[in-house]
Amino acid sequence: MPTKAARAASSSKELDAPPITRLIARTEPPQRRGPAAGPDPLAVGKRVRHRRKAAGLTLDTLGARVGVSASALSLIETGRREAKVSVLAGIADVLGCTLADLLDDAPPSRRAALELQLERAQQSPAFAALGVQPVRTGPRLPMDALESLVALHGQVRSLSIERDGTPEYARRANAGLRRRMLAADNHFPAIESLADDLLTGIDHDGGPLTWHNVRAIAARLGFTLQSAPDLPRSTRSIIDRTRRRVFLPSAEAATLRTVALSALGHVVLEHRPPGDYAEFLAQRVEVNYFAAAVLVPQRWAVPLLQEARRARDLEIADLRDRYLTSYEMAAHRFTNLATVHLDIPVHFMKINASGVIQKAYANDGVAFPSDATGAIEGQRVCRYWTARAVFDQPDWTEPYQQYTDTPSGTFWCTALAEHVDGDAHSVSVGTPYEHVRWFRGRDTPHRSASRCPDPACCTEPSAELAQRWRDAWPSSRVHSALLASLPAGEFAGIDRTEVTAFLERQP
Ligand SMILES: [Zn+2]
């Protein structure tokens, strides 16, 4: 029988083996060079060209002497082909320099540095999207034009980052993400199987995940977990990839499990720094999915849910209690498994006490309120919906169920209201009428009718009341967050100064 360490090593190799493609993100990530990547082919090519010209050699001559065609050499010089080390060594030999000289990161001259920057900018997907003809960099491009073009590309880039930071961009990104979740019935088998492999690796028994289990999962991935009471407030966790440790806030164990698993999710899913806000959001959804898939494992949760369905006794709170998660995680996890494994279409909603949607998902045809960009978050749901009616119930310890007639059909929903840090919110899960027979609480006497989005339903007062109070002047409480741009940069909202200072403090 292999030792624990040997099993850990082989499993982490298995985990490293398949490159995890984008699971939820919409497109391939932009080309990005991480610290692990080799030398930049474009920079290497520049240096080859610089030295070839200085040596007075043509592409043909140098190519002939190192045994590659002039066109292949040209591809190497323009960074479109990565040169083999043997070819580079040959080139270095002919040009009278060392291999290290060609691989050196510093550009040989100011001009070469600018040409490099311009070519990189012109190769970016953002530039391609503009449909503008690229400029050929070469000796015929005057130095002042080169300086100006590089500066111009820099400005275009910062303007587009600013534009990406608008609330409208964020809402569009969110709407795009939800469309992809809908297309997959909110179920992502690749993440499920990664979670399952890790649980198998630690011989998990299928019960609630202990903190000890979480540490064992981290160890299999080659990471240690450390609680840090001085963790910067703008962060949820920090992964130190160099020394392979994850810094966590001091929090209660249940929260800590989720935070630690979400952080490890970035490692397991091989995330790179997000290229834009949409990718940032997609990664966040992916790591939250990963954490939920580990905490409420498909392998054990599905038989449990299938049994409950057979007994016509499905209940979100049971899932919560079985795996010691929050109600929100149990409800959300239910949406991951319900359609694919139980053949039940569902919707999920988290709203605040004013009825404003914080998170939502649906594949059951329920009509969420949405704005012109297709965004749902930030919209107010009908006051006759279960998600809002639950706030009026005297007892918040039990889920509240209600049938609601809407213009898109009759839905049965179960909701729980909670106070967290002084704010109230409700989490609800619902399904169309024809699927209610599988759920506990279908015998509820509560019924309601919603005509939203008809303004006469609940968003506009009656003509009589509007007339009576026409002179009243309410002052609106505008959240400054609505006006502010989203924080720009790779990691939205993170105070980088604080993070680096924190890491410097660590032994
Ligand atoms: Zn309404």
# chains A, B, ... in the order shown; residues from 1 in each chain; ligands from 1
>>> select_by_dssp(residues="range 400-444 of chain A", states="strand (DSSP E or B)", output="number ranges by chain")
A: 400-406, 409-420, 423-432, 439
>>> write_last_selection(atoms="N, CA and C atoms", output="compact mmCIF listing (two decimals), in the first residue's frame")
# COMPACT_ATOMS: atom_id res chain seq x y z
N TYR A 400 -40.71 29.40 4.77
CA TYR A 400 -42.08 29.79 4.47
C TYR A 400 -42.39 29.43 3.02
N GLN A 401 -43.54 28.78 2.80
CA GLN A 401 -43.89 28.39 1.44
C GLN A 401 -45.15 29.10 0.96
N GLN A 402 -45.19 29.33 -0.33
CA GLN A 402 -46.32 30.05 -0.91
C GLN A 402 -46.47 29.70 -2.39
N TYR A 403 -47.72 29.65 -2.86
CA TYR A 403 -47.98 29.56 -4.30
C TYR A 403 -48.23 30.97 -4.81
N THR A 404 -47.60 31.31 -5.92
CA THR A 404 -47.79 32.64 -6.48
C THR A 404 -48.18 32.54 -7.95
N ASP A 405 -49.33 33.11 -8.30
CA ASP A 405 -49.73 33.19 -9.71
C ASP A 405 -49.04 34.39 -10.32
N THR A 406 -48.33 34.15 -11.44
CA THR A 406 -47.66 35.26 -12.13
C THR A 406 -48.04 35.21 -13.60
N GLY A 409 -46.92 32.04 -15.21
CA GLY A 409 -47.33 30.76 -14.64
C GLY A 409 -47.39 30.79 -13.12
N THR A 410 -47.84 29.67 -12.55
CA THR A 410 -47.92 29.57 -11.10
C THR A 410 -46.67 28.88 -10.57
N PHE A 411 -46.04 29.49 -9.58
CA PHE A 411 -44.83 28.95 -8.98
C PHE A 411 -45.07 28.69 -7.51
N TRP A 412 -44.42 27.64 -7.01
CA TRP A 412 -44.40 27.37 -5.57
C TRP A 412 -42.98 27.66 -5.11
N CYS A 413 -42.84 28.40 -4.03
CA CYS A 413 -41.50 28.76 -3.56
C CYS A 413 -41.38 28.53 -2.07
N THR A 414 -40.17 28.23 -1.65
CA THR A 414 -39.87 28.09 -0.23
C THR A 414 -38.76 29.07 0.09
N ALA A 415 -38.92 29.82 1.16
CA ALA A 415 -37.97 30.90 1.45
C ALA A 415 -37.65 30.95 2.93
N LEU A 416 -36.45 31.43 3.23
CA LEU A 416 -36.05 31.62 4.61
C LEU A 416 -35.47 33.02 4.74
N ALA A 417 -35.92 33.76 5.76
CA ALA A 417 -35.38 35.10 6.00
C ALA A 417 -34.38 35.00 7.15
N GLU A 418 -33.31 35.79 7.04
CA GLU A 418 -32.26 35.74 8.06
C GLU A 418 -31.73 37.14 8.34
N HIS A 419 -31.28 37.36 9.56
CA HIS A 419 -30.54 38.56 9.90
C HIS A 419 -29.06 38.23 9.88
N VAL A 420 -28.28 38.94 9.10
CA VAL A 420 -26.83 38.76 9.12
C VAL A 420 -26.18 40.12 9.27
N ASP A 423 -28.33 43.23 8.88
CA ASP A 423 -29.16 43.37 7.68
C ASP A 423 -29.99 42.11 7.49
N ALA A 424 -31.21 42.32 7.00
CA ALA A 424 -32.05 41.15 6.73
C ALA A 424 -32.00 40.81 5.25
N HIS A 425 -32.00 39.53 4.96
CA HIS A 425 -32.16 39.11 3.57
C HIS A 425 -32.98 37.82 3.55
N SER A 426 -33.46 37.47 2.38
CA SER A 426 -34.14 36.19 2.26
C SER A 426 -33.51 35.40 1.13
N VAL A 427 -33.52 34.09 1.29
CA VAL A 427 -33.03 33.18 0.26
C VAL A 427 -34.22 32.30 -0.11
N SER A 428 -34.51 32.22 -1.41
CA SER A 428 -35.67 31.42 -1.80
C SER A 428 -35.36 30.52 -2.99
N VAL A 429 -36.06 29.41 -3.02
CA VAL A 429 -35.96 28.47 -4.12
C VAL A 429 -37.38 28.17 -4.57
N GLY A 430 -37.59 28.14 -5.87
CA GLY A 430 -38.95 27.89 -6.35
C GLY A 430 -38.96 27.00 -7.56
N THR A 431 -40.15 26.53 -7.90
CA THR A 431 -40.30 25.63 -9.04
C THR A 431 -41.71 25.81 -9.61
N PRO A 432 -41.91 25.52 -10.90
CA PRO A 432 -43.25 25.63 -11.46
C PRO A 432 -44.22 24.66 -10.78
N PHE A 439 -41.91 18.20 -3.26
CA PHE A 439 -41.39 19.02 -2.15
C PHE A 439 -42.23 18.94 -0.88
>>> residues_near_ligand(ligand="ligand 1", cutoff="8 Å", atoms="only C-alpha atoms and all ligand atoms", output="PDB file with C-alpha atoms, in the first residue's frame")
ATOM      1  CA  VAL A 381     -38.940  41.922  -7.104  1.00  0.00           C
ATOM      2  CA  CYS A 382     -42.692  42.013  -6.756  1.00  0.00           C
ATOM      3  CA  ARG A 383     -43.836  42.518  -3.175  1.00  0.00           C
ATOM      4  CA  TYR A 384     -46.290  39.614  -3.547  1.00  0.00           C
ATOM      5  CA  TRP A 385     -43.529  37.080  -4.286  1.00  0.00           C
ATOM      6  CA  SER A 450     -48.490  39.008  -8.883  1.00  0.00           C
ATOM      7  CA  ARG A 451     -49.147  41.056 -12.014  1.00  0.00           C
ATOM      8  CA  CYS A 452     -45.622  42.547 -12.184  1.00  0.00           C
ATOM      9  CA  PRO A 453     -44.129  43.927 -14.410  1.00  0.00           C
ATOM     10  CA  ASP A 454     -47.506  45.664 -14.775  1.00  0.00           C
ATOM     11  CA  PRO A 455     -46.845  48.869 -12.773  1.00  0.00           C
ATOM     12  CA  ALA A 456     -50.378  48.657 -11.375  1.00  0.00           C
ATOM     13  CA  CYS A 457     -49.368  45.476  -9.511  1.00  0.00           C
ATOM     14  CA  CYS A 458     -47.203  46.945  -6.790  1.00  0.00           C
ATOM     15  CA  THR A 459     -44.714  49.469  -8.163  1.00  0.00           C
TER      16      THR A 459
END
>>> select_by_dssp(residues="range 211-340 of chain A", states="helix (DSSP H, G or I)", output="ChimeraX atom specification")
/A:211-220,253-268,277-295,298-310,316-323,327-340
>>> atom_distance(atom1="CA of Val267 in chain A", atom2="CA of Phe247 in chain A")
13.7 Å
>>> residues_around(residues="range 144-151 of chain A", least_positions_apart="4", cutoff="10 Å", atoms="only C-alpha atoms", output="mmCIF file with C-alpha atoms, in the first residue's frame")
data_model
loop_
_atom_site.group_PDB
_atom_site.id
_atom_site.type_symbol
_atom_site.label_atom_id
_atom_site.label_comp_id
_atom_site.auth_asym_id
_atom_site.auth_seq_id
_atom_site.Cartn_x
_atom_site.Cartn_y
_atom_site.Cartn_z
ATOM 1 C CA ARG A 110 15.156 52.336 -26.110
ATOM 2 C CA ARG A 111 14.004 51.901 -29.696
ATOM 3 C CA LEU A 114 9.317 50.894 -27.782
ATOM 4 C CA GLU A 115 8.979 48.587 -30.785
ATOM 5 C CA LEU A 116 8.304 45.731 -28.399
ATOM 6 C CA GLN A 117 5.605 47.697 -26.611
ATOM 7 C CA LEU A 118 3.972 48.765 -29.862
ATOM 8 C CA GLU A 119 3.966 45.238 -31.279
ATOM 9 C CA ARG A 120 2.518 43.831 -28.064
ATOM 10 C CA ALA A 121 -0.226 46.459 -28.090
ATOM 11 C CA GLN A 122 -0.973 45.733 -31.755
ATOM 12 C CA VAL A 135 1.817 49.940 -38.082
ATOM 13 C CA THR A 137 7.697 48.663 -36.742
ATOM 14 C CA GLY A 138 11.057 48.992 -38.415
ATOM 15 C CA GLN A 155 -3.951 55.949 -23.071
ATOM 16 C CA VAL A 156 -6.428 53.800 -25.029
ATOM 17 C CA ARG A 157 -5.777 50.973 -22.617
#
>>> closest_residue(among="A:Ala331, A:Ala260, A:Ala83, A:Ile91", to="Ala55 in chain A", atoms="only C-alpha atoms")
A:Ile91
>>> atom_distance(atom1="CA of Ser193 in chain A", atom2="CA of Leu225 in chain A")
23.1 Å
>>> atom_distance(atom1="CA of Glu192 in chain A", atom2="CA of Thr224 in chain A")
23.0 Å
>>> closest_residue(among="A:Ala362, A:Phe391, A:Arg468, A:Arg243", to="Ala183 in chain A", atoms="only C-alpha atoms")
A:Ala362
>>> residues_around(residues="Ala360 in chain A", least_positions_apart="5", cutoff="8 Å", atoms="only C-alpha atoms", output="NGL selection string")
:A and (347-350 or 376-377)
>>> residues_around(residues="Ala317 in chain A", least_positions_apart="2", cutoff="12 Å", atoms="only C-alpha atoms", output="PyMOL selection string")
chain A and resi 305+313-315+319-334+397-400+414-416+427-429+439-441
>>> write_last_selection(atoms="N, CA and C atoms", output="mmCIF file, in the first residue's frame")
data_model
loop_
_atom_site.group_PDB
_atom_site.id
_atom_site.type_symbol
_atom_site.label_atom_id
_atom_site.label_comp_id
_atom_site.auth_asym_id
_atom_site.auth_seq_id
_atom_site.Cartn_x
_atom_site.Cartn_y
_atom_site.Cartn_z
ATOM 1 N N LEU A 305 -30.892 13.323 -2.180
ATOM 2 C CA LEU A 305 -31.948 14.127 -2.802
ATOM 3 C C LEU A 305 -32.899 13.234 -3.601
ATOM 4 N N ASP A 313 -40.437 14.494 -0.450
ATOM 5 C CA ASP A 313 -40.109 15.157 0.811
ATOM 6 C C ASP A 313 -38.852 16.024 0.659
ATOM 7 N N LEU A 314 -38.665 16.623 -0.527
ATOM 8 C CA LEU A 314 -37.492 17.479 -0.740
ATOM 9 C C LEU A 314 -37.584 18.719 0.142
ATOM 10 N N GLU A 315 -36.462 19.070 0.787
ATOM 11 C CA GLU A 315 -36.454 20.232 1.677
ATOM 12 C C GLU A 315 -35.023 20.789 1.732
ATOM 13 N N LEU A 319 -30.785 19.679 3.498
ATOM 14 C CA LEU A 319 -29.469 19.673 2.862
ATOM 15 C C LEU A 319 -28.503 20.518 3.716
ATOM 16 N N ARG A 320 -29.000 21.668 4.170
ATOM 17 C CA ARG A 320 -28.215 22.531 5.044
ATOM 18 C C ARG A 320 -27.764 21.789 6.301
ATOM 19 N N ASP A 321 -28.705 21.084 6.928
ATOM 20 C CA ASP A 321 -28.406 20.429 8.204
ATOM 21 C C ASP A 321 -27.546 19.184 8.024
ATOM 22 N N ARG A 322 -27.718 18.510 6.889
ATOM 23 C CA ARG A 322 -26.930 17.307 6.636
ATOM 24 C C ARG A 322 -25.452 17.655 6.476
ATOM 25 N N TYR A 323 -25.169 18.800 5.836
ATOM 26 C CA TYR A 323 -23.769 19.148 5.536
ATOM 27 C C TYR A 323 -23.266 20.352 6.322
ATOM 28 N N LEU A 324 -24.054 20.822 7.281
ATOM 29 C CA LEU A 324 -23.658 21.942 8.137
ATOM 30 C C LEU A 324 -23.180 23.149 7.330
ATOM 31 N N THR A 325 -23.996 23.531 6.333
ATOM 32 C CA THR A 325 -23.665 24.718 5.551
ATOM 33 C C THR A 325 -24.647 25.829 5.893
ATOM 34 N N SER A 326 -24.470 26.978 5.261
ATOM 35 C CA SER A 326 -25.480 28.027 5.394
ATOM 36 C C SER A 326 -26.698 27.621 4.555
ATOM 37 N N TYR A 327 -27.846 28.234 4.863
ATOM 38 C CA TYR A 327 -29.048 27.960 4.066
ATOM 39 C C TYR A 327 -28.820 28.410 2.633
ATOM 40 N N GLU A 328 -28.122 29.540 2.501
ATOM 41 C CA GLU A 328 -27.863 30.069 1.162
ATOM 42 C C GLU A 328 -27.060 29.071 0.324
ATOM 43 N N MET A 329 -26.010 28.497 0.927
ATOM 44 C CA MET A 329 -25.216 27.543 0.154
ATOM 45 C C MET A 329 -26.048 26.305 -0.192
ATOM 46 N N ALA A 330 -26.849 25.834 0.765
ATOM 47 C CA ALA A 330 -27.677 24.658 0.502
ATOM 48 C C ALA A 330 -28.658 24.940 -0.633
ATOM 49 N N ALA A 331 -29.261 26.131 -0.613
ATOM 50 C CA ALA A 331 -30.245 26.491 -1.637
ATOM 51 C C ALA A 331 -29.574 26.586 -2.999
ATOM 52 N N HIS A 332 -28.403 27.223 -3.021
ATOM 53 C CA HIS A 332 -27.712 27.397 -4.280
ATOM 54 C C HIS A 332 -27.225 26.054 -4.823
ATOM 55 N N ARG A 333 -26.716 25.230 -3.894
ATOM 56 C CA ARG A 333 -26.236 23.903 -4.291
ATOM 57 C C ARG A 333 -27.381 23.055 -4.857
ATOM 58 N N PHE A 334 -28.577 23.240 -4.275
ATOM 59 C CA PHE A 334 -29.745 22.516 -4.770
ATOM 60 C C PHE A 334 -29.977 22.831 -6.251
ATOM 61 N N THR A 397 -37.555 31.034 11.826
ATOM 62 C CA THR A 397 -36.732 29.838 11.971
ATOM 63 C C THR A 397 -37.159 28.762 10.982
ATOM 64 N N GLU A 398 -38.429 28.830 10.542
ATOM 65 C CA GLU A 398 -38.940 27.830 9.608
ATOM 66 C C GLU A 398 -39.036 28.427 8.210
ATOM 67 N N PRO A 399 -38.735 27.632 7.182
ATOM 68 C CA PRO A 399 -38.959 28.118 5.819
ATOM 69 C C PRO A 399 -40.448 28.400 5.606
ATOM 70 N N TYR A 400 -40.711 29.399 4.771
ATOM 71 C CA TYR A 400 -42.082 29.794 4.465
ATOM 72 C C TYR A 400 -42.392 29.430 3.021
ATOM 73 N N THR A 414 -40.169 28.226 -1.647
ATOM 74 C CA THR A 414 -39.873 28.092 -0.233
ATOM 75 C C THR A 414 -38.758 29.065 0.091
ATOM 76 N N ALA A 415 -38.922 29.824 1.164
ATOM 77 C CA ALA A 415 -37.973 30.898 1.451
ATOM 78 C C ALA A 415 -37.650 30.949 2.930
ATOM 79 N N LEU A 416 -36.452 31.430 3.228
ATOM 80 C CA LEU A 416 -36.049 31.618 4.613
ATOM 81 C C LEU A 416 -35.473 33.021 4.738
ATOM 82 N N VAL A 427 -33.521 34.089 1.293
ATOM 83 C CA VAL A 427 -33.035 33.181 0.261
ATOM 84 C C VAL A 427 -34.220 32.304 -0.114
ATOM 85 N N SER A 428 -34.512 32.223 -1.408
ATOM 86 C CA SER A 428 -35.667 31.417 -1.795
ATOM 87 C C SER A 428 -35.363 30.521 -2.990
ATOM 88 N N VAL A 429 -36.058 29.409 -3.015
ATOM 89 C CA VAL A 429 -35.955 28.466 -4.122
ATOM 90 C C VAL A 429 -37.379 28.173 -4.567
ATOM 91 N N PHE A 439 -41.906 18.198 -3.257
ATOM 92 C CA PHE A 439 -41.389 19.017 -2.152
ATOM 93 C C PHE A 439 -42.235 18.945 -0.882
ATOM 94 N N ARG A 440 -41.543 18.931 0.247
ATOM 95 C CA ARG A 440 -42.221 19.108 1.532
ATOM 96 C C ARG A 440 -42.730 20.559 1.567
ATOM 97 N N GLY A 441 -43.868 20.776 2.160
ATOM 98 C CA GLY A 441 -44.378 22.147 2.254
ATOM 99 C C GLY A 441 -45.296 22.506 1.092
#
>>> closest_residue(among="A:Gly201, A:Ala353, A:Gln358, A:Thr373", to="Asp392 in chain A", atoms="only C-alpha atoms")
A:Ala353
>>> closest_residue(among="A:Gly96, A:Gly222, A:Pro229, A:Pro407", to="Val268 in chain A", atoms="only C-alpha atoms")
A:Gly222
